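Coordinates as given in coords.txt (compact mmCIF, C-alpha atoms):
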```txt
# COMPACT_ATOMS: atom_id res chain seq x y z
CA MET S 114 -6.72 -1.28 15.56
CA ARG S 115 -5.25 -4.47 14.16
CA ILE S 116 -3.71 -7.34 16.14
CA PHE S 117 -0.41 -8.93 15.14
CA HIS S 118 0.38 -12.32 16.67
CA PHE S 119 3.99 -12.17 17.83
CA SER S 120 6.29 -14.87 19.19
CA GLU S 121 10.05 -14.70 19.72
CA GLY S 122 10.34 -18.44 19.14
CA ALA S 123 12.07 -19.16 22.42
CA PHE S 124 13.78 -22.39 23.39
CA HIS S 125 12.64 -22.51 27.00
CA HIS S 126 14.33 -25.72 28.24
CA LEU S 127 17.13 -23.99 30.13
CA PRO S 128 19.51 -25.12 32.85
CA GLU S 129 19.17 -23.84 36.42
CA GLU S 130 19.80 -20.11 36.56
CA GLU S 131 22.72 -20.42 38.95
CA ASP S 132 24.50 -22.48 36.27
CA TYR S 133 24.98 -19.54 33.90
CA THR S 134 25.86 -15.84 34.10
CA SER S 135 23.92 -14.60 31.08
CA VAL S 136 21.01 -16.02 29.10
CA ARG S 137 22.24 -14.12 26.04
CA VAL S 138 25.51 -14.19 24.10
CA SER S 139 27.47 -16.65 26.26
CA LEU S 140 25.10 -19.48 27.25
CA PRO S 141 26.64 -22.65 25.71
CA ASN S 142 24.58 -24.10 22.87
CA ARG S 143 25.10 -27.61 24.23
CA TYR S 144 21.83 -26.93 26.06
CA TYR S 145 20.01 -26.72 22.72
CA ASP S 146 18.36 -29.93 21.52
CA PRO S 147 17.82 -29.73 17.74
CA LYS S 148 15.04 -32.33 17.86
CA ILE S 149 13.04 -30.28 20.36
CA GLY S 150 13.99 -27.16 18.43
CA ALA S 151 12.60 -28.57 15.18
CA ASP S 152 9.29 -29.34 16.86
CA LEU S 153 9.15 -25.80 18.24
CA TYR S 154 9.82 -24.20 14.83
CA HIS S 155 7.00 -26.21 13.29
CA ARG S 156 4.72 -25.40 16.21
CA PHE S 157 5.37 -21.66 16.03
CA LEU S 158 4.82 -21.63 12.28
CA ASP S 159 1.51 -23.43 12.80
CA GLU S 160 0.48 -20.76 15.32
CA TRP S 161 1.37 -17.91 12.97
CA LEU S 162 -0.59 -19.60 10.19
CA LEU S 163 -3.56 -20.07 12.50
CA ALA S 164 -3.48 -16.34 13.18
CA ASP S 165 -3.56 -15.78 9.42
CA ASP S 166 -6.50 -18.16 8.98
CA LEU S 167 -8.43 -16.31 11.69
CA GLY S 168 -7.82 -12.86 10.21
CA LEU S 169 -5.01 -11.61 12.45
CA ASP S 170 -1.71 -10.25 11.22
CA VAL S 171 1.71 -11.78 11.90
CA MET S 172 4.92 -10.42 13.39
CA VAL S 173 8.41 -11.94 13.55
CA ASN S 174 11.71 -10.60 14.85
CA GLU S 175 15.24 -11.82 15.34
CA HIS S 176 17.92 -11.98 18.00
CA HIS S 177 21.25 -13.71 18.11
CA GLN S 178 23.08 -16.14 20.40
CA THR S 179 20.20 -16.52 22.83
CA PRO S 180 17.56 -19.14 23.69
CA THR S 181 15.03 -16.36 24.38
CA CYS S 182 14.63 -15.89 20.61
CA VAL S 183 15.88 -18.71 18.41
CA ASP S 184 15.02 -16.73 15.27
CA PRO S 185 18.49 -15.58 14.18
CA ALA S 186 17.33 -15.01 10.60
CA ALA S 187 13.82 -13.58 10.60
CA PRO S 188 13.77 -13.23 6.78
CA LEU S 189 13.88 -17.05 6.55
CA LEU S 190 10.77 -17.41 8.72
CA LEU S 191 9.13 -14.58 6.84
CA SER S 192 9.80 -16.22 3.48
CA ILE S 193 8.00 -19.37 4.66
CA LEU S 194 5.05 -17.33 5.91
CA ALA S 195 4.98 -15.27 2.71
CA ARG S 196 4.28 -18.47 0.76
CA GLN S 197 2.04 -20.32 3.22
CA SER S 198 -0.10 -17.51 4.61
CA LYS S 199 -2.91 -16.00 2.60
CA LYS S 200 -4.19 -12.73 4.06
CA ALA S 201 -2.08 -11.50 6.96
CA ARG S 202 0.14 -8.46 6.84
CA LEU S 203 3.63 -9.79 7.57
CA LEU S 204 5.65 -7.56 9.89
CA ILE S 205 9.35 -8.06 10.47
CA LEU S 206 10.46 -5.87 13.37
CA GLY S 207 13.04 -6.07 12.65
CA ASN S 208 16.10 -6.09 10.57
CA PRO S 209 19.11 -5.04 12.73
CA ILE S 210 20.70 -3.05 9.92
CA ALA S 211 23.17 -1.20 12.14
CA ASN S 212 24.90 -4.58 12.55
CA ARG S 213 24.76 -5.69 8.93
CA ASN S 214 27.39 -4.72 6.39
CA GLN S 215 25.26 -5.30 3.29
CA PRO S 216 22.12 -3.12 3.27
CA VAL S 217 21.65 -3.92 -0.41
CA ARG S 218 21.25 -7.60 0.49
CA VAL S 219 18.54 -6.58 3.00
CA ALA S 220 16.79 -4.60 0.26
CA GLU S 221 16.90 -7.66 -2.00
CA GLU S 222 15.59 -10.03 0.68
CA MET S 223 12.70 -7.76 1.62
CA ALA S 224 11.75 -7.07 -2.00
CA MET S 225 11.69 -10.82 -2.67
CA ILE S 226 9.42 -11.47 0.34
CA ASP S 227 7.15 -8.60 -0.71
CA VAL S 228 6.76 -10.16 -4.17
CA ILE S 229 6.21 -13.71 -2.88
CA SER S 230 3.51 -12.43 -0.50
CA ARG S 231 1.99 -10.28 -3.27
CA GLY S 232 2.44 -7.08 -1.34
CA ARG S 233 1.79 -8.03 2.31
CA LEU S 234 5.17 -7.08 3.80
CA GLU S 235 5.50 -4.54 6.62
CA CYS S 236 9.26 -3.94 6.80
CA GLY S 237 10.73 -2.93 10.16
CA PHE S 238 14.25 -1.82 11.02
CA VAL S 239 15.98 -1.66 14.39
CA ARG S 240 19.21 -0.25 15.73
CA SER S 241 19.72 -3.50 17.70
CA VAL S 242 19.69 -4.12 21.43
CA PRO S 243 23.03 -3.76 23.25
CA TYR S 244 23.62 -7.47 23.76
CA GLU S 245 23.55 -7.96 19.98
CA VAL S 246 26.77 -5.96 19.67
CA PRO S 247 29.27 -8.69 20.66
CA ALA S 248 27.25 -11.35 18.82
CA ALA S 249 27.54 -9.29 15.63
CA ASN S 250 31.19 -8.32 16.23
CA SER S 251 29.88 -4.79 15.82
CA ASN S 252 30.79 -1.33 17.13
CA PRO S 253 28.39 0.16 19.68
CA ASN S 254 29.34 3.71 18.68
CA ARG S 255 27.26 5.66 16.14
CA MET S 256 24.83 2.78 15.67
CA THR S 257 21.87 5.09 15.07
CA GLU S 258 23.74 6.94 12.33
CA ARG S 259 24.70 3.64 10.70
CA MET S 260 21.09 2.46 10.85
CA TYR S 261 19.65 5.54 9.17
CA GLU S 262 22.33 5.61 6.49
CA ALA S 263 21.65 1.94 5.75
CA LEU S 264 17.93 2.73 5.56
CA ASP S 265 18.61 5.51 3.04
CA LEU S 266 20.50 3.03 0.88
CA ILE S 267 17.73 0.41 1.17
CA LYS S 268 15.05 2.93 0.16
CA ALA S 269 17.17 4.06 -2.77
CA ALA S 270 17.60 0.44 -3.89
CA TRP S 271 13.83 -0.12 -3.69
CA THR S 272 12.86 3.00 -5.61
CA HIS S 273 15.53 3.31 -8.32
CA HIS S 274 14.36 1.57 -11.50
CA ASP S 275 16.62 2.90 -14.26
CA GLY S 276 19.69 0.74 -13.94
CA PRO S 277 22.69 0.77 -11.61
CA PHE S 278 23.48 3.67 -9.27
CA SER S 279 26.28 4.27 -6.77
CA PHE S 280 25.96 5.13 -3.10
CA GLU S 281 28.72 6.84 -1.14
CA GLY S 282 27.99 7.37 2.54
CA ARG S 283 29.96 7.65 5.73
CA PHE S 284 29.58 3.98 6.59
CA HIS S 285 28.42 2.30 3.37
CA HIS S 286 29.92 2.43 -0.11
CA HIS S 287 28.24 0.54 -2.92
CA ARG S 288 28.70 0.56 -6.68
CA MET S 289 26.30 -0.86 -9.26
CA VAL S 290 23.15 -1.05 -7.10
CA ASN S 291 20.35 -2.45 -9.25
CA ILE S 292 18.25 -4.95 -7.29
CA TRP S 293 16.13 -7.71 -8.79
CA PRO S 294 13.32 -8.21 -7.91
CA ARG S 295 11.97 -4.80 -7.04
CA PRO S 296 9.18 -4.60 -4.43
CA TRP S 297 5.55 -5.36 -5.20
CA GLN S 298 4.32 -2.39 -3.15
CA GLN S 299 5.12 1.01 -4.60
CA PRO S 300 7.14 3.03 -3.95
CA HIS S 301 8.17 0.49 -1.30
CA PRO S 302 6.71 -1.57 1.59
CA PRO S 303 5.58 0.33 4.70
CA ILE S 304 8.57 1.04 6.92
CA TRP S 305 8.56 0.56 10.70
CA ILE S 306 11.24 1.58 13.19
CA SER S 307 11.23 0.58 16.85
CA SER S 308 12.05 3.13 19.53
CA THR S 309 11.70 3.45 23.29
CA SER S 310 13.49 6.78 23.78
CA PRO S 311 12.22 10.38 23.47
CA ASP S 312 14.91 11.48 21.00
CA GLY S 313 14.63 8.30 18.96
CA SER S 314 10.86 8.46 18.71
CA MET S 315 10.96 12.10 17.59
CA ARG S 316 13.29 11.18 14.75
CA VAL S 317 11.01 8.32 13.70
CA GLY S 318 8.12 10.78 13.67
CA GLU S 319 10.06 13.26 11.54
CA GLY S 320 10.63 10.51 9.00
CA GLY S 321 6.94 9.58 8.98
CA TYR S 322 7.72 5.91 9.62
CA THR S 323 5.49 3.65 11.71
CA ILE S 324 6.85 3.37 15.24
CA GLY S 325 6.88 0.17 17.28
CA CYS S 326 7.04 0.71 21.04
CA PHE S 327 7.79 -2.36 23.19
CA HIS S 328 6.69 -2.99 26.77
CA MET S 329 6.98 0.66 27.86
CA GLY S 330 3.74 0.78 29.86
CA PHE S 331 1.37 3.69 30.37
CA GLU S 332 3.75 6.58 31.01
CA GLY S 333 6.67 5.42 28.89
CA THR S 334 4.47 4.84 25.85
CA ARG S 335 2.66 8.14 26.31
CA GLN S 336 6.02 9.91 26.25
CA VAL S 337 7.28 7.95 23.23
CA PHE S 338 4.09 8.57 21.24
CA GLY S 339 4.04 12.20 22.33
CA ASN S 340 7.55 12.77 21.03
CA TYR S 341 6.69 10.93 17.83
CA ARG S 342 3.82 13.38 17.33
CA LYS S 343 6.20 16.30 17.91
CA GLY S 344 8.55 14.93 15.27
CA TRP S 345 5.63 14.39 12.88
CA ALA S 346 4.59 18.04 13.27
CA LYS S 347 8.19 19.30 13.11
CA ALA S 348 8.45 17.80 9.62
CA GLY S 349 5.63 20.12 8.54
CA ARG S 350 2.82 17.61 8.32
CA ALA S 351 -0.62 19.02 8.93
CA GLY S 352 -3.25 17.34 11.09
CA PRO S 353 -3.01 14.59 13.71
CA VAL S 354 -0.82 11.52 13.37
CA PRO S 355 -2.78 8.66 11.76
CA GLU S 356 -3.22 5.83 14.23
CA ASP S 357 -1.76 3.35 11.77
CA ARG S 358 1.62 5.02 12.35
CA LEU S 359 1.65 3.90 16.00
CA GLY S 360 2.20 0.35 17.30
CA TYR S 361 2.50 -1.00 20.83
CA SER S 362 3.67 -4.41 22.00
CA ALA S 363 2.61 -6.08 25.26
CA LEU S 364 2.37 -9.60 26.60
CA MET S 365 -1.24 -10.71 26.09
CA TYR S 366 -3.27 -13.77 26.94
CA VAL S 367 -7.05 -14.12 26.49
CA GLY S 368 -8.98 -16.95 28.15
CA ASP S 369 -12.63 -17.84 28.60
CA THR S 370 -12.46 -16.50 32.16
CA ASP S 371 -10.31 -13.98 34.00
CA ALA S 372 -8.70 -16.82 35.95
CA GLU S 373 -7.78 -18.64 32.75
CA GLY S 374 -6.44 -15.45 31.20
CA ARG S 375 -4.29 -14.72 34.23
CA ALA S 376 -2.96 -18.27 34.29
CA GLY S 377 -1.85 -17.97 30.68
CA ALA S 378 -0.29 -14.56 31.29
CA GLN S 379 1.60 -15.94 34.28
CA LYS S 380 3.32 -18.38 31.92
CA LEU S 381 4.13 -15.56 29.50
CA LEU S 382 6.06 -13.81 32.27
CA TRP S 383 8.83 -16.34 31.60
CA TYR S 384 9.94 -13.77 29.02
CA LEU S 385 10.72 -11.32 31.85
CA SER S 386 11.90 -13.69 34.55
CA HIS S 387 14.49 -15.49 32.41
CA ASN S 388 16.22 -12.47 30.87
CA LYS S 389 19.31 -12.65 33.07
CA LEU S 390 22.05 -10.30 31.80
CA PRO S 391 25.29 -8.89 33.24
CA ILE S 392 25.92 -5.16 32.92
CA TYR S 393 28.69 -5.54 30.33
CA PHE S 394 26.17 -7.00 27.86
CA LYS S 395 23.39 -4.55 28.78
CA ASN S 396 25.44 -1.38 28.42
CA PRO S 397 28.56 -1.70 26.25
CA PRO S 398 30.69 1.47 26.09
CA GLY S 399 29.35 3.89 23.50
CA TYR S 400 25.93 2.27 23.08
CA ASN S 401 24.05 4.73 25.33
CA SER S 402 24.51 8.48 25.45
CA LEU S 403 26.23 10.16 28.39
CA ASP S 404 22.90 11.63 29.50
CA ALA S 405 21.26 8.20 29.42
CA ASN S 406 24.05 6.69 31.51
CA VAL S 407 23.87 9.51 34.06
CA LYS S 408 20.11 9.05 34.35
CA ALA S 409 20.53 5.30 34.82
CA LEU S 410 23.06 5.84 37.60
CA ARG S 411 20.82 8.33 39.35
CA THR S 412 17.77 6.08 39.20
CA GLY S 413 19.71 2.96 40.11
CA LYS S 414 18.59 1.13 36.96
CA VAL S 415 21.95 -0.36 36.10
CA GLY S 416 23.65 -3.64 36.79
CA THR S 417 22.22 -7.12 36.82
CA ARG S 418 18.83 -8.13 38.09
CA GLU S 419 18.72 -10.32 41.14
CA GLN S 420 18.91 -14.06 40.63
CA GLY S 421 15.51 -15.66 41.02
CA PHE S 422 13.66 -12.50 39.96
CA VAL S 423 9.92 -13.21 39.76
CA PRO S 424 7.78 -10.54 38.05
CA ASP S 425 4.45 -9.72 39.69
CA LEU S 426 1.50 -10.19 37.36
CA ASP S 427 -0.69 -7.57 39.02
CA HIS S 428 2.10 -5.01 38.79
CA GLU S 429 2.65 -5.79 35.09
CA ILE S 430 -1.08 -5.42 34.37
CA GLU S 431 -1.22 -2.14 36.28
CA SER S 432 1.86 -0.91 34.41
CA GLY S 433 0.34 -1.71 31.02
CA THR S 434 2.94 -4.27 29.96
CA VAL S 435 0.50 -7.20 30.22
CA PHE S 436 -3.11 -7.50 29.05
CA CYS S 437 -4.93 -10.61 30.26
CA GLY S 438 -8.29 -12.00 31.32
CA ASN S 439 -11.49 -12.83 29.49
CA PRO S 440 -12.21 -10.93 26.24
CA ASP S 441 -14.22 -8.21 27.96
CA THR S 442 -11.58 -7.64 30.63
CA VAL S 443 -8.79 -7.47 28.07
CA TYR S 444 -10.77 -5.06 25.92
CA LYS S 445 -11.22 -2.73 28.91
CA GLN S 446 -7.50 -2.93 29.73
CA ILE S 447 -6.54 -2.07 26.15
CA LYS S 448 -9.15 0.71 25.92
CA LYS S 449 -7.78 2.32 29.09
CA PHE S 450 -4.25 2.14 27.70
CA TYR S 451 -5.36 3.34 24.26
CA ASP S 452 -7.06 6.43 25.71
CA HIS S 453 -4.13 7.21 27.99
CA VAL S 454 -1.53 7.27 25.18
CA GLY S 455 -3.78 9.09 22.71
CA GLY S 456 -4.60 6.12 20.48
CA PHE S 457 -2.63 3.68 18.34
CA GLY S 458 -3.45 1.45 15.39
CA HIS S 459 -1.39 -1.71 15.86
CA LEU S 460 -1.35 -4.06 18.85
CA LEU S 461 1.70 -6.33 18.69
CA SER S 462 0.45 -9.15 20.87
CA MET S 463 3.29 -11.20 22.31
CA GLY S 464 1.10 -14.24 22.82
CA GLN S 465 3.58 -17.07 23.20
CA ALA S 466 6.56 -17.48 25.52
CA GLY S 467 8.10 -19.95 27.90
CA PHE S 468 6.03 -22.93 28.98
CA LEU S 469 2.74 -21.77 27.44
CA GLU S 470 1.55 -24.90 25.63
CA HIS S 471 0.41 -25.06 22.01
CA ASP S 472 -3.26 -25.63 22.85
CA GLU S 473 -3.17 -22.71 25.28
CA THR S 474 -1.63 -20.46 22.65
CA VAL S 475 -4.21 -21.57 20.08
CA LYS S 476 -7.04 -20.77 22.47
CA SER S 477 -5.80 -17.24 23.10
CA ILE S 478 -5.18 -16.56 19.40
CA THR S 479 -8.69 -17.78 18.59
CA LEU S 480 -10.34 -15.63 21.26
CA GLN S 481 -8.27 -12.62 20.21
CA ALA S 482 -9.46 -13.05 16.63
CA LYS S 483 -13.11 -13.85 17.28
CA GLU S 484 -13.94 -11.89 20.44
CA LEU S 485 -11.41 -9.08 20.71
CA ALA S 486 -10.32 -8.00 17.22
CA PRO S 487 -13.81 -6.89 16.02
CA ARG S 488 -14.16 -4.60 19.05
CA LEU S 489 -10.65 -3.18 18.75
CA ALA S 490 -11.31 -2.36 15.10
CA GLU S 491 -13.96 0.11 16.26
CA LEU S 492 -11.92 1.87 18.97
CA LYS S 493 -12.25 5.64 19.12
CA ILE S 494 -10.48 8.14 21.34
CA THR S 495 -12.64 9.67 24.04
CA ALA S 496 -12.85 13.45 24.33
CA GLN S 497 -11.03 13.37 27.67
CA ALA S 498 -8.16 11.32 26.29
CA ALA S 499 -7.83 13.49 23.18
CA GLU S 500 -7.27 16.55 25.38
```

Any chance you could give the structure as structure tokens?
Amino acid sequence: MRIFHFSEGAFHHLPEEEDYTSVRVSLPNRYYDPKIGADLYHRFLDEWLLADDLGLDVMVNEHHQTPTCVDPAAPLLLSILARQSKKARLLILGNPIANRNQPVRVAEEMAMIDVISRGRLECGFVRSVPYEVPAANSNPNRMTERMYEALDLIKAAWTHHDGPFSFEGRFHHHRMVNIWPRPWQQPHPPIWISSTSPDGSMRVGEGGYTIGCFHMGFEGTRQVFGNYRKGWAKAGRAGPVPEDRLGYSALMYVGDTDAEGRAGAQKLLWYLSHNKLPIYFKNPPGYNSLDANVKALRTGKVGTREQGFVPDLDHEIESGTVFCGNPDTVYKQIKKFYDHVGGFGHLLSMGQAGFLEHDETVKSITLQAKELAPRLAELKITAQAAE
């Protein structure tokens, strides 16, 4: 297992919660201070580069019109890291290609980053979360179909080397596709797709892509990985799924002691406590299937969360969405999770959020690299878990 240091690059200096209805899409940008923002960008880049120096990998993503992730153009961050980092695999998870009208431009950007990094790009694609739809002036209907068609065009652009070709799809029509540069890695960089649904994960497995599963906990991740494995087998592939096709993301903080680790993790919970969203941004018409909406109504998991919501750290640890403590404690937490879901090869460690200070983040990254990563590299599934 490899560890990717992941930060959403949040701007955490927000007004009182009662002063706004949604932290995403509609929060006025007058609350953003560019001077503080510049310091944060430089700080986060320093933390990613520290992870590289210590032998960890690096992950970036993007969201739009929100202070929870002030990375609206992840390829820009990735291009900086491609030049300044030396060893790390550079994962972008991901490109919201269902909301972009120029997949060929995405193919060009990613090929350029792959060449600058001399072949260290891990290229992830996402359908996009529902609250990205209004920010992108996009259509929530048929987003999955648009994403996979765009991916087909991107792969064709990466792998066609004999001059221009044309692409005629349902959503995308391009003439004279002939990208320069072409990727360093052949036939193309490794492709990731994020999914948290049974049907979605099965389709990712059928395609043989690496899956990224975010904050789904013990049972949710077991189901997602299980359906991925079904899709992998459905495509006619023999043998078990390689662990390097499976990635899981959790909030993670490692301290010298359990108390220090918990204190750091408590600050990371800002990511959960400040994600205030009204229902019309969480579930635009057409984004979710009818079955998904019926299930949400039956379980009561619709609508807005209560103002002042405070996540419980013990509950999050028990659920498998947070790993924290001293290195030995965190290793045991991850090993338990790893066995329960049948193994995975990539740990996407969301190790910075909210009011976690730079020196605190540096400490956790350092302990992850020196005390945790060598042990995780040797993880093996137990007989009981494999059954």

Can you build me a table of range 132-240 of chain S residues sitting at most 12 Å from range 301-314 of chain S, with the closest atom pair per residue and its distance in Å to one decimal, using all atoms listed in the file, sorted by chain and residue number, as CSV?
```
residue,atom,partner,partner_atom,distance
S:Met172,CA,S:Trp305,CA,11.9
S:Asn174,CA,S:Ser307,CA,11.4
S:Arg202,CA,S:Pro303,CA,10.6
S:Leu203,CA,S:Pro302,CA,10.6
S:Leu204,CA,S:Trp305,CA,8.7
S:Ile205,CA,S:Trp305,CA,8.7
S:Leu206,CA,S:Trp305,CA,7.2
S:Gly207,CA,S:Ile306,CA,7.9
S:Asn208,CA,S:Ile306,CA,9.5
S:Pro209,CA,S:Ile306,CA,10.3
S:Ile210,CA,S:Ile306,CA,11.0
S:Ala220,CA,S:His301,CA,10.1
S:Glu221,CA,S:His301,CA,12.0
S:Met223,CA,S:Pro302,CA,8.6
S:Ala224,CA,S:Pro302,CA,8.3
S:Met225,CA,S:Pro302,CA,11.3
S:Ile226,CA,S:Pro302,CA,10.3
S:Asp227,CA,S:Pro302,CA,7.4
S:Val228,CA,S:Pro302,CA,10.3
S:Ser230,CA,S:Pro302,CA,11.5
S:Arg231,CA,S:Pro302,CA,11.0
S:Gly232,CA,S:Pro302,CA,7.6
S:Arg233,CA,S:Pro302,CA,8.2
S:Leu234,CA,S:Pro302,CA,6.1
S:Glu235,CA,S:Pro303,CA,5.2
S:Cys236,CA,S:Ile304,CA,5.0
S:Gly237,CA,S:Trp305,CA,4.1
S:Phe238,CA,S:Ile306,CA,5.0
S:Val239,CA,S:Ser307,CA,5.8
S:Arg240,CA,S:Ser307,CA,8.1
```

Smallest atom-to-atom distance to Pro247 in chain S: which of S:Val138, S:Ala151, S:Tyr322, S:Pro277, using all atoms listed in the file? S:Val138

Excluding Pro300 in chain S and any residue of its chain fewer than 4 positions from it, enumerate the residues within 9 Å of it, using all atoms listed in the file, and give them as a count of residues only. 4

What's around Leu359 in chain S at 12 Å? Count all atoms listed in the file, leave out sequence neighbours fewer than 6 positions away in its own chain, and write the answer as a PyMOL selection string. chain S and resi 114-115+304-308+314+317-318+321-327+334-335+337-342+345+353+451+454-461

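Between CA of Thr179 in chain S and CA of Tyr366 in chain S lies a distance of 24.0 Å.
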
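Residues having any atom no farther than 9 Å from (24.1, -1.5, 28.7) (counting all atoms listed in the file) are Val242, Pro243, Tyr244, Pro391, Ile392, Tyr393, Phe394, Lys395, Asn396, Pro397, Pro398, Tyr400, Asn401, Asn406, Val415 and Gly416 of chain S.
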
Which residue out of S:Glu470, S:Gly282, S:His155, S:Ala270 has the minimum interatomic distance to Val219 in chain S when all atoms listed in the file are used?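 Checking each of S:Glu470, S:Gly282, S:His155, S:Ala270 against Val219 in chain S, counting all atoms listed in the file, the winner is S:Ala270.
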
Which residues, written as a ChimeraX atom specification, have at least one atom at most 12 Å from Glu121 in chain S, with only C-alpha atoms counted and residues fewer than 6 positions away on the same chain left out? /S:153-154,157-158,161,171-177,179-187,190,205-207,364,381,384,461-467
